[in-house]
$ cat target-v5.pdb   # PDB, C-alpha atoms
ATOM      1  CA  MET A1042      98.313  96.022  -8.849  1.00  0.00           C
ATOM      2  CA  ALA A1043      96.960  95.850 -12.390  1.00  0.00           C
ATOM      3  CA  SER A1044      98.030  97.285 -15.742  1.00  0.00           C
ATOM      4  CA  ARG A1045      96.474  97.043 -19.190  1.00  0.00           C
ATOM      5  CA  LYS A1046      98.365  96.647 -22.459  1.00  0.00           C
ATOM      6  CA  ASN A1047      96.971  95.517 -25.809  1.00  0.00           C
ATOM      7  CA  SER A1048      93.742  94.274 -24.139  1.00  0.00           C
ATOM      8  CA  VAL A1049      95.734  92.046 -21.753  1.00  0.00           C
ATOM      9  CA  VAL A1050      95.366  92.837 -18.070  1.00  0.00           C
ATOM     10  CA  LYS A1051      98.509  92.201 -16.044  1.00  0.00           C
ATOM     11  CA  MET A1052      98.257  91.853 -12.283  1.00  0.00           C
ATOM     12  CA  ASP A1053     101.019  91.640  -9.695  1.00  0.00           C
ATOM     13  CA  ALA A1054      99.784  89.308  -6.956  1.00  0.00           C
ATOM     14  CA  GLY A1055     102.831  89.740  -4.756  1.00  0.00           C
ATOM     15  CA  GLY A1056     101.667  90.236  -1.164  1.00  0.00           C
ATOM     16  CA  VAL A1057      98.007  90.552  -2.181  1.00  0.00           C
ATOM     17  CA  TYR A1058      95.475  88.767   0.056  1.00  0.00           C
ATOM     18  CA  TYR A1059      93.550  86.108  -1.810  1.00  0.00           C
ATOM     19  CA  ARG A1060      90.146  87.756  -1.346  1.00  0.00           C
ATOM     20  CA  GLU A1061      91.395  91.035  -2.758  1.00  0.00           C
ATOM     21  CA  LEU A1062      93.056  89.246  -5.666  1.00  0.00           C
ATOM     22  CA  ASN A1063      89.938  87.281  -6.548  1.00  0.00           C
ATOM     23  CA  ALA A1064      87.771  90.394  -6.305  1.00  0.00           C
ATOM     24  CA  SER A1065      90.057  92.066  -8.844  1.00  0.00           C
ATOM     25  CA  LEU A1066      89.801  89.049 -11.123  1.00  0.00           C
ATOM     26  CA  ARG A1067      86.009  89.015 -10.981  1.00  0.00           C
ATOM     27  CA  LYS A1068      85.892  92.744 -11.712  1.00  0.00           C
ATOM     28  CA  ALA A1069      88.146  92.336 -14.744  1.00  0.00           C
ATOM     29  CA  VAL A1070      86.050  89.462 -16.087  1.00  0.00           C
ATOM     30  CA  THR A1071      82.853  91.475 -15.553  1.00  0.00           C
ATOM     31  CA  ASN A1072      84.434  94.221 -17.671  1.00  0.00           C
ATOM     32  CA  SER A1073      84.836  91.710 -20.545  1.00  0.00           C
ATOM     33  CA  VAL A1074      88.605  91.325 -20.256  1.00  0.00           C
ATOM     34  CA  ARG A1075      89.579  88.251 -22.267  1.00  0.00           C
ATOM     35  CA  ARG A1076      93.124  87.602 -21.000  1.00  0.00           C
ATOM     36  CA  ILE A1077      94.770  88.127 -17.624  1.00  0.00           C
ATOM     37  CA  GLU A1078      98.386  87.570 -16.586  1.00  0.00           C
ATOM     38  CA  LEU A1079      98.952  86.981 -12.881  1.00  0.00           C
ATOM     39  CA  ARG A1080     102.543  87.267 -11.686  1.00  0.00           C
ATOM     40  CA  ASN A1081     104.171  86.637  -8.308  1.00  0.00           C
ATOM     41  CA  VAL A1082     101.446  84.270  -7.208  1.00  0.00           C
ATOM     42  CA  HIS A1083     102.378  82.692  -3.875  1.00  0.00           C
ATOM     43  CA  GLY A1084      99.668  80.351  -2.606  1.00  0.00           C
ATOM     44  CA  GLN A1085      96.594  82.545  -3.015  1.00  0.00           C
ATOM     45  CA  ARG A1086      93.506  80.326  -2.883  1.00  0.00           C
ATOM     46  CA  TYR A1087      90.426  80.082  -5.084  1.00  0.00           C
ATOM     47  CA  ILE A1088      91.922  81.738  -8.166  1.00  0.00           C
ATOM     48  CA  GLY A1089      89.393  81.457 -10.975  1.00  0.00           C
ATOM     49  CA  THR A1090      86.703  80.099  -8.686  1.00  0.00           C
ATOM     50  CA  ASP A1091      83.141  80.466  -9.935  1.00  0.00           C
ATOM     51  CA  LEU A1092      84.094  82.412 -13.064  1.00  0.00           C
ATOM     52  CA  ASN A1093      81.697  81.809 -15.931  1.00  0.00           C
ATOM     53  CA  LYS A1094      83.122  83.606 -18.960  1.00  0.00           C
ATOM     54  CA  PRO A1095      85.709  82.466 -21.535  1.00  0.00           C
ATOM     55  CA  VAL A1096      88.632  84.393 -20.062  1.00  0.00           C
ATOM     56  CA  GLU A1097      92.206  83.071 -20.182  1.00  0.00           C
ATOM     57  CA  ILE A1098      94.192  83.417 -16.964  1.00  0.00           C
ATOM     58  CA  GLU A1099      97.932  82.736 -17.084  1.00  0.00           C
ATOM     59  CA  ILE A1100      99.524  82.270 -13.667  1.00  0.00           C
ATOM     60  CA  PHE A1101     103.232  82.671 -12.959  1.00  0.00           C
ATOM     61  CA  GLY A1102     103.977  81.174  -9.565  1.00  0.00           C
ATOM     62  CA  THR A1103     102.234  78.660  -7.330  1.00  0.00           C
ATOM     63  CA  PRO A1104      98.477  79.093  -6.850  1.00  0.00           C
ATOM     64  CA  GLY A1105      96.888  77.821  -3.649  1.00  0.00           C
ATOM     65  CA  ASN A1106      94.111  75.318  -3.034  1.00  0.00           C
ATOM     66  CA  ASP A1107      90.921  75.060  -5.107  1.00  0.00           C
ATOM     67  CA  LEU A1108      92.278  76.657  -8.243  1.00  0.00           C
ATOM     68  CA  GLY A1109      89.413  76.910 -10.747  1.00  0.00           C
ATOM     69  CA  ALA A1110      86.811  75.514  -8.367  1.00  0.00           C
ATOM     70  CA  PHE A1111      83.237  75.658  -9.699  1.00  0.00           C
ATOM     71  CA  MET A1112      84.413  77.469 -12.800  1.00  0.00           C
ATOM     72  CA  ASN A1113      82.335  77.389 -15.932  1.00  0.00           C
ATOM     73  CA  GLY A1114      84.319  78.303 -19.010  1.00  0.00           C
ATOM     74  CA  PRO A1115      87.698  79.968 -18.300  1.00  0.00           C
ATOM     75  CA  ARG A1116      91.060  78.609 -19.363  1.00  0.00           C
ATOM     76  CA  ILE A1117      93.765  78.654 -16.690  1.00  0.00           C
ATOM     77  CA  ILE A1118      97.451  78.091 -17.467  1.00  0.00           C
ATOM     78  CA  VAL A1119      99.857  77.601 -14.555  1.00  0.00           C
ATOM     79  CA  ARG A1120     103.543  78.182 -15.236  1.00  0.00           C
ATOM     80  CA  GLY A1121     104.630  76.179 -12.218  1.00  0.00           C
ATOM     81  CA  ASN A1122     103.182  73.806  -9.657  1.00  0.00           C
ATOM     82  CA  ALA A1123      99.660  73.816  -8.218  1.00  0.00           C
ATOM     83  CA  GLN A1124      98.369  72.772  -4.815  1.00  0.00           C
ATOM     84  CA  ASP A1125      95.350  70.736  -3.694  1.00  0.00           C
ATOM     85  CA  GLY A1126      91.839  70.679  -5.112  1.00  0.00           C
ATOM     86  CA  CYS A1127      92.442  72.026  -8.622  1.00  0.00           C
ATOM     87  CA  GLY A1128      89.226  71.945 -10.641  1.00  0.00           C
ATOM     88  CA  ASN A1129      87.057  71.161  -7.619  1.00  0.00           C
ATOM     89  CA  THR A1130      83.515  70.660  -8.998  1.00  0.00           C
ATOM     90  CA  MET A1131      84.366  72.484 -12.222  1.00  0.00           C
ATOM     91  CA  ASN A1132      81.644  72.487 -14.871  1.00  0.00           C
ATOM     92  CA  GLU A1133      83.454  73.603 -17.998  1.00  0.00           C
ATOM     93  CA  GLY A1134      86.784  75.070 -19.054  1.00  0.00           C
ATOM     94  CA  GLU A1135      90.415  73.985 -18.996  1.00  0.00           C
ATOM     95  CA  ILE A1136      93.289  73.958 -16.525  1.00  0.00           C
ATOM     96  CA  VAL A1137      96.832  73.369 -17.830  1.00  0.00           C
ATOM     97  CA  ILE A1138      99.553  72.909 -15.202  1.00  0.00           C
ATOM     98  CA  HIS A1139     103.212  73.064 -16.291  1.00  0.00           C
ATOM     99  CA  GLY A1140     104.466  71.227 -13.229  1.00  0.00           C
ATOM    100  CA  HIS A1141     103.139  69.070 -10.397  1.00  0.00           C
ATOM    101  CA  ALA A1142      99.748  69.207  -8.703  1.00  0.00           C
ATOM    102  CA  GLY A1143      98.670  68.252  -5.202  1.00  0.00           C
ATOM    103  CA  ASP A1144      95.927  66.041  -3.792  1.00  0.00           C
ATOM    104  CA  ILE A1145      92.292  65.593  -4.895  1.00  0.00           C
ATOM    105  CA  ILE A1146      92.787  67.230  -8.271  1.00  0.00           C
ATOM    106  CA  GLY A1147      89.546  67.104 -10.249  1.00  0.00           C
ATOM    107  CA  LEU A1148      87.455  66.470  -7.137  1.00  0.00           C
ATOM    108  CA  SER A1149      83.825  65.987  -8.253  1.00  0.00           C
ATOM    109  CA  ALA A1150      84.519  67.612 -11.623  1.00  0.00           C
ATOM    110  CA  ARG A1151      81.534  67.250 -13.924  1.00  0.00           C
ATOM    111  CA  GLY A1152      82.939  68.843 -17.069  1.00  0.00           C
ATOM    112  CA  GLY A1153      86.006  70.496 -18.542  1.00  0.00           C
ATOM    113  CA  LYS A1154      89.579  69.285 -18.934  1.00  0.00           C
ATOM    114  CA  ILE A1155      92.623  69.280 -16.664  1.00  0.00           C
ATOM    115  CA  PHE A1156      96.140  68.578 -17.955  1.00  0.00           C
ATOM    116  CA  VAL A1157      99.100  68.113 -15.586  1.00  0.00           C
ATOM    117  CA  ARG A1158     102.589  67.802 -17.039  1.00  0.00           C
ATOM    118  CA  ASP A1159     104.150  65.967 -14.076  1.00  0.00           C
ATOM    119  CA  ASP A1160     102.973  64.037 -10.996  1.00  0.00           C
ATOM    120  CA  VAL A1161      99.926  64.483  -8.780  1.00  0.00           C
ATOM    121  CA  GLY A1162      99.206  63.629  -5.170  1.00  0.00           C
ATOM    122  CA  TYR A1163      96.593  61.447  -3.506  1.00  0.00           C
ATOM    123  CA  ARG A1164      93.005  60.816  -4.636  1.00  0.00           C
ATOM    124  CA  ALA A1165      93.326  62.353  -8.090  1.00  0.00           C
ATOM    125  CA  GLY A1166      89.987  62.313  -9.886  1.00  0.00           C
ATOM    126  CA  ILE A1167      88.017  61.404  -6.766  1.00  0.00           C
ATOM    127  CA  HIS A1168      84.286  61.323  -7.498  1.00  0.00           C
ATOM    128  CA  MET A1169      84.584  62.740 -11.011  1.00  0.00           C
ATOM    129  CA  LYS A1170      81.162  62.523 -12.593  1.00  0.00           C
ATOM    130  CA  GLU A1171      79.335  63.190 -15.839  1.00  0.00           C
ATOM    131  CA  TYR A1172      76.582  65.789 -15.931  1.00  0.00           C
ATOM    132  CA  ARG A1173      74.171  65.753 -18.858  1.00  0.00           C
ATOM    133  CA  ASP A1174      76.330  66.086 -21.976  1.00  0.00           C
ATOM    134  CA  ARG A1175      79.432  67.080 -20.004  1.00  0.00           C
ATOM    135  CA  LYS A1176      82.233  64.579 -19.453  1.00  0.00           C
ATOM    136  CA  PRO A1177      85.325  65.706 -17.495  1.00  0.00           C
ATOM    137  CA  ALA A1178      88.822  64.643 -18.505  1.00  0.00           C
ATOM    138  CA  LEU A1179      91.951  64.539 -16.343  1.00  0.00           C
ATOM    139  CA  VAL A1180      95.273  63.766 -18.064  1.00  0.00           C
ATOM    140  CA  ILE A1181      98.353  63.275 -15.868  1.00  0.00           C
ATOM    141  CA  GLY A1182     101.757  63.134 -17.518  1.00  0.00           C
ATOM    142  CA  GLY A1183     103.583  61.559 -14.608  1.00  0.00           C
ATOM    143  CA  THR A1184     102.218  59.233 -11.979  1.00  0.00           C
ATOM    144  CA  ALA A1185      99.905  59.497  -8.965  1.00  0.00           C
ATOM    145  CA  GLN A1186      99.777  58.555  -5.307  1.00  0.00           C
ATOM    146  CA  ASP A1187      97.231  56.153  -3.772  1.00  0.00           C
ATOM    147  CA  PHE A1188      93.474  56.144  -4.416  1.00  0.00           C
ATOM    148  CA  VAL A1189      93.668  57.624  -7.916  1.00  0.00           C
ATOM    149  CA  GLY A1190      90.178  57.435  -9.453  1.00  0.00           C
ATOM    150  CA  GLU A1191      88.531  56.761  -6.092  1.00  0.00           C
ATOM    151  CA  TYR A1192      84.716  56.706  -6.263  1.00  0.00           C
ATOM    152  CA  MET A1193      84.777  57.774  -9.915  1.00  0.00           C
ATOM    153  CA  ALA A1194      81.247  58.089 -11.257  1.00  0.00           C
ATOM    154  CA  GLY A1195      82.037  59.329 -14.754  1.00  0.00           C
ATOM    155  CA  GLY A1196      84.567  60.997 -17.002  1.00  0.00           C
ATOM    156  CA  VAL A1197      87.985  59.999 -18.319  1.00  0.00           C
ATOM    157  CA  LEU A1198      91.210  59.783 -16.306  1.00  0.00           C
ATOM    158  CA  ILE A1199      94.498  59.115 -18.111  1.00  0.00           C
ATOM    159  CA  LEU A1200      97.713  58.291 -16.274  1.00  0.00           C
ATOM    160  CA  LEU A1201     100.703  58.417 -18.640  1.00  0.00           C
ATOM    161  CA  GLY A1202     103.680  57.658 -16.379  1.00  0.00           C
ATOM    162  CA  LEU A1203     106.107  59.480 -18.650  1.00  0.00           C
ATOM    163  CA  ASN A1204     108.624  59.793 -15.820  1.00  0.00           C
ATOM    164  CA  LEU A1205     108.706  56.062 -15.064  1.00  0.00           C
ATOM    165  CA  LYS A1206     111.658  53.968 -16.143  1.00  0.00           C
ATOM    166  CA  GLU A1207     111.232  51.207 -18.687  1.00  0.00           C
ATOM    167  CA  GLY A1208     109.399  48.341 -17.007  1.00  0.00           C
ATOM    168  CA  GLU A1209     108.703  50.315 -13.832  1.00  0.00           C
ATOM    169  CA  ASN A1210     105.159  50.027 -12.486  1.00  0.00           C
ATOM    170  CA  HIS A1211     103.025  52.863 -11.229  1.00  0.00           C
ATOM    171  CA  LYS A1212     103.324  53.098  -7.431  1.00  0.00           C
ATOM    172  CA  ALA A1213      99.716  53.935  -6.529  1.00  0.00           C
ATOM    173  CA  ASN A1214      97.646  51.461  -4.538  1.00  0.00           C
ATOM    174  CA  PHE A1215      93.854  51.241  -4.226  1.00  0.00           C
ATOM    175  CA  ILE A1216      93.418  52.481  -7.800  1.00  0.00           C
ATOM    176  CA  GLY A1217      89.747  52.979  -8.588  1.00  0.00           C
ATOM    177  CA  THR A1218      88.495  51.997  -5.141  1.00  0.00           C
ATOM    178  CA  GLY A1219      84.717  52.481  -5.107  1.00  0.00           C
ATOM    179  CA  MET A1220      84.699  53.266  -8.832  1.00  0.00           C
ATOM    180  CA  HIS A1221      81.205  52.972 -10.340  1.00  0.00           C
ATOM    181  CA  GLY A1222      81.409  54.986 -13.560  1.00  0.00           C
ATOM    182  CA  GLY A1223      83.823  56.482 -16.056  1.00  0.00           C
ATOM    183  CA  VAL A1224      87.076  54.968 -17.287  1.00  0.00           C
ATOM    184  CA  ILE A1225      90.776  55.065 -16.406  1.00  0.00           C
ATOM    185  CA  TYR A1226      93.434  54.615 -19.083  1.00  0.00           C
ATOM    186  CA  LEU A1227      96.832  53.702 -17.713  1.00  0.00           C
ATOM    187  CA  ARG A1228      99.996  53.731 -19.783  1.00  0.00           C
ATOM    188  CA  GLY A1229     102.303  51.033 -18.503  1.00  0.00           C
ATOM    189  CA  SER A1230     101.343  48.429 -15.965  1.00  0.00           C
ATOM    190  CA  VAL A1231     100.319  47.768 -12.379  1.00  0.00           C
ATOM    191  CA  GLU A1232      99.953  44.648 -10.295  1.00  0.00           C
ATOM    192  CA  GLU A1233      96.512  43.271  -9.527  1.00  0.00           C
ATOM    193  CA  TYR A1234      96.906  43.973  -5.813  1.00  0.00           C
ATOM    194  CA  GLN A1235      97.202  47.705  -6.594  1.00  0.00           C
ATOM    195  CA  LEU A1236      93.638  47.866  -7.932  1.00  0.00           C
ATOM    196  CA  GLY A1237      90.453  48.360  -5.987  1.00  0.00           C
ATOM    197  CA  LYS A1238      88.234  45.272  -5.943  1.00  0.00           C
ATOM    198  CA  GLU A1239      85.596  47.180  -7.902  1.00  0.00           C
ATOM    199  CA  VAL A1240      87.884  47.588 -10.940  1.00  0.00           C
ATOM    200  CA  GLY A1241      88.093  45.398 -14.011  1.00  0.00           C
ATOM    201  CA  VAL A1242      90.918  45.387 -16.566  1.00  0.00           C
ATOM    202  CA  ALA A1243      90.400  45.269 -20.330  1.00  0.00           C
ATOM    203  CA  GLN A1244      92.310  45.698 -23.566  1.00  0.00           C
ATOM    204  CA  LEU A1245      91.651  48.791 -25.639  1.00  0.00           C
ATOM    205  CA  GLU A1246      88.968  48.876 -28.299  1.00  0.00           C
ATOM    206  CA  ASP A1247      88.797  51.248 -31.262  1.00  0.00           C
ATOM    207  CA  ALA A1248      86.613  53.721 -29.352  1.00  0.00           C
ATOM    208  CA  ASP A1249      89.171  53.804 -26.529  1.00  0.00           C
ATOM    209  CA  ARG A1250      91.987  54.503 -28.963  1.00  0.00           C
ATOM    210  CA  GLN A1251      90.060  57.434 -30.394  1.00  0.00           C
ATOM    211  CA  VAL A1252      89.598  58.918 -26.919  1.00  0.00           C
ATOM    212  CA  LEU A1253      93.303  58.515 -26.194  1.00  0.00           C
ATOM    213  CA  LYS A1254      94.329  59.970 -29.543  1.00  0.00           C
ATOM    214  CA  GLN A1255      92.290  63.091 -28.872  1.00  0.00           C
ATOM    215  CA  LEU A1256      93.259  63.714 -25.248  1.00  0.00           C
ATOM    216  CA  VAL A1257      96.904  62.636 -25.492  1.00  0.00           C
ATOM    217  CA  GLY A1258      97.168  64.807 -28.592  1.00  0.00           C
ATOM    218  CA  GLU A1259      95.963  67.804 -26.587  1.00  0.00           C
ATOM    219  CA  PHE A1260      98.332  66.952 -23.729  1.00  0.00           C
ATOM    220  CA  ALA A1261     101.283  66.716 -26.125  1.00  0.00           C
ATOM    221  CA  ALA A1262     100.409  70.040 -27.731  1.00  0.00           C
ATOM    222  CA  HIS A1263     100.331  71.763 -24.331  1.00  0.00           C
ATOM    223  CA  PHE A1264     103.677  70.435 -23.125  1.00  0.00           C
ATOM    224  CA  GLY A1265     105.753  69.831 -26.242  1.00  0.00           C
ATOM    225  CA  TYR A1266     105.594  66.035 -26.400  1.00  0.00           C
ATOM    226  CA  ASP A1267     105.240  63.767 -29.416  1.00  0.00           C
ATOM    227  CA  ALA A1268     101.773  62.228 -29.098  1.00  0.00           C
ATOM    228  CA  GLY A1269     102.633  59.420 -31.509  1.00  0.00           C
ATOM    229  CA  GLU A1270     105.555  58.313 -29.361  1.00  0.00           C
ATOM    230  CA  ILE A1271     103.403  58.299 -26.233  1.00  0.00           C
ATOM    231  CA  LEU A1272     100.664  56.285 -27.907  1.00  0.00           C
ATOM    232  CA  LYS A1273     103.088  53.620 -29.139  1.00  0.00           C
ATOM    233  CA  HIS A1274     103.339  52.214 -25.637  1.00  0.00           C
ATOM    234  CA  LYS A1275     100.964  49.764 -24.013  1.00  0.00           C
ATOM    235  CA  PHE A1276      97.817  51.111 -22.357  1.00  0.00           C
ATOM    236  CA  ILE A1277      95.305  49.245 -20.233  1.00  0.00           C
ATOM    237  CA  LYS A1278      91.716  50.183 -19.556  1.00  0.00           C
ATOM    238  CA  LEU A1279      90.291  50.126 -16.046  1.00  0.00           C
ATOM    239  CA  PHE A1280      86.524  50.084 -15.741  1.00  0.00           C
ATOM    240  CA  PRO A1281      83.947  49.667 -12.945  1.00  0.00           C
ATOM    241  CA  ARG A1282      82.698  46.133 -12.543  1.00  0.00           C
ATOM    242  CA  TRP A1283      79.508  47.189 -10.765  1.00  0.00           C
ATOM    243  CA  LEU A1284      77.214  50.193 -11.011  1.00  0.00           C
ATOM    244  CA  ARG A1285      76.710  50.636  -7.246  1.00  0.00           C
ATOM    245  CA  PRO A1286      79.457  48.713  -5.427  1.00  0.00           C
ATOM    246  CA  TYR A1287      78.361  49.882  -1.984  1.00  0.00           C
ATOM    247  CA  GLY A1288      74.627  50.052  -2.577  1.00  0.00           C
ATOM    248  CA  ARG A1289      73.855  47.199  -0.180  1.00  0.00           C
ATOM    249  CA  LEU A1290      75.574  49.021   2.675  1.00  0.00           C
ATOM    250  CA  TYR A1291      72.885  51.691   2.582  1.00  0.00           C
ATOM    251  CA  ALA A1292      69.839  49.531   1.821  1.00  0.00           C
ATOM    252  CA  TYR A1293      67.165  49.076   4.473  1.00  0.00           C
TER     253      TYR A1293
END
$ encode --input "target-v5.pdb" --output "structure tokens"
Amino acid sequence: MASRKNSVVKMDAGGVYYRELNASLRKAVTNSVRRIELRNVHGQRYIGTDLNKPVEIEIFGTPGNDLGAFMNGPRIIVRGNAQDGCGNTMNEGEIVIHGHAGDIIGLSARGGKIFVRDDVGYRAGIHMKEYRDRKPALVIGGTAQDFVGEYMAGGVLILLGLNLKEGENHKANFIGTGMHGGVIYLRGSVEEYQLGKEVGVAQLEDADRQVLKQLVGEFAAHFGYDAGEILKHKFIKLFPRWLRPYGRLYAY
């Protein structure tokens, strides 16, 4: 299943049950392996979950749900699409997806960075939060389905819409519903009815432009884009209008 060459461990995941695969990954990381190549990945769940060392895992294929969940330091590169729950409650590290991703990407992330080249599914960035000095970032190159940024409590979510035609709006509805922290930067435009009632809209300030320059620059470097060309286009800033939009529902 595994071979070693020039300090890189190569694993063939074809037909390997996800628990066995993840046990092999944990063993390799415990043995101070710094880079792992996983090939023939076909939906195995929890890859990279709960790893806490600076290992780089490159995946060829389609990993299953909860890729990189609870991880604390690794870097995961996916040469293909990913499924639901990528970066679930991740603390630190980086996930780079050279394709699409499914629903609830970045669920409750409280640190680290996730970059997706293409589109994502529903509820991207749901309940992202900041933890101490950690601030998660989710950068999506395409567009998203409904409820993007739902219940956001912290962090940065960037929606670039690079696959939209000139003048075409993002399709998501209920953007930022329940949002009470963090910020969403959206390249392009949406109609007011597409936003959650908790969301305000503002023009960019210098601090916002610096955040975008940094994160869009990283996105462009991962996927071969020209960051300057991306940043030439109009961005809007979505922010929470209230700290606790539903606080009165739970007050006695």
$ resolve_selection --input "target-v5.pdb" --expression "the PyMOL selection byres ((chain A and resi 1118-1125) around 9)" --output "ChimeraX atom specification"
/A:1084,1097-1108,1116-1117,1126-1127,1135-1146,1162
$ resolve_selection --input "target-v5.pdb" --expression "the PyMOL selection byres ((chain A and resi 1207) around 12)" --output "PyMOL selection string"
chain A and resi 1202-1206+1208-1211+1228-1230+1274-1275
$ resolve_selection --input "target-v5.pdb" --expression "the PyMOL selection byres ((chain A and resi 1151) around 7)" --output "list in words"
Thr1130, Met1131, Asn1132, Ser1149, Ala1150, Gly1152, Met1169, Lys1170, Glu1171, Tyr1172, Arg1175, Lys1176 and Pro1177 of chain A
$ closest_residue --input "target-v5.pdb" --among "A:Thr1071, A:Leu1236, A:Ala1178, A:Ala1243" --to "Gln1255 of chain A" --atoms "all atoms listed in the file"
A:Ala1178
$ closest_residue --input "target-v5.pdb" --among "A:Asp1187, A:Glu1239, A:Ala1213, A:Lys1154" --to "Val1257 of chain A" --atoms "only C-alpha atoms"
A:Lys1154
$ residues_near_point --input "target-v5.pdb" --point "(99.4, 61.3, -26.4)" --cutoff "6 Å" --atoms "all atoms listed in the file" --output "list in words"
Val1257, Gly1258, Ala1261, Ala1268, Ile1271 and Leu1272 of chain A
$ atom_distance --input "target-v5.pdb" --atom1 "atom CA of Tyr1234 of chain A" --atom2 "atom CA of Thr1184 of chain A"
17.3 Å
$ closest_residue --input "target-v5.pdb" --among "A:Leu1245, A:Ala1110, A:Leu1256, A:Val1231" --to "Val1180 of chain A" --atoms "only C-alpha atoms"
A:Leu1256
$ atom_distance --input "target-v5.pdb" --atom1 "atom CA of Phe1215 of chain A" --atom2 "atom CA of Tyr1163 of chain A"
10.6 Å
$ closest_residue --input "target-v5.pdb" --among "A:Ala1262, A:Ala1248, A:Val1240, A:Ile1077" --to "Val1189 of chain A" --atoms "all atoms listed in the file"
A:Val1240
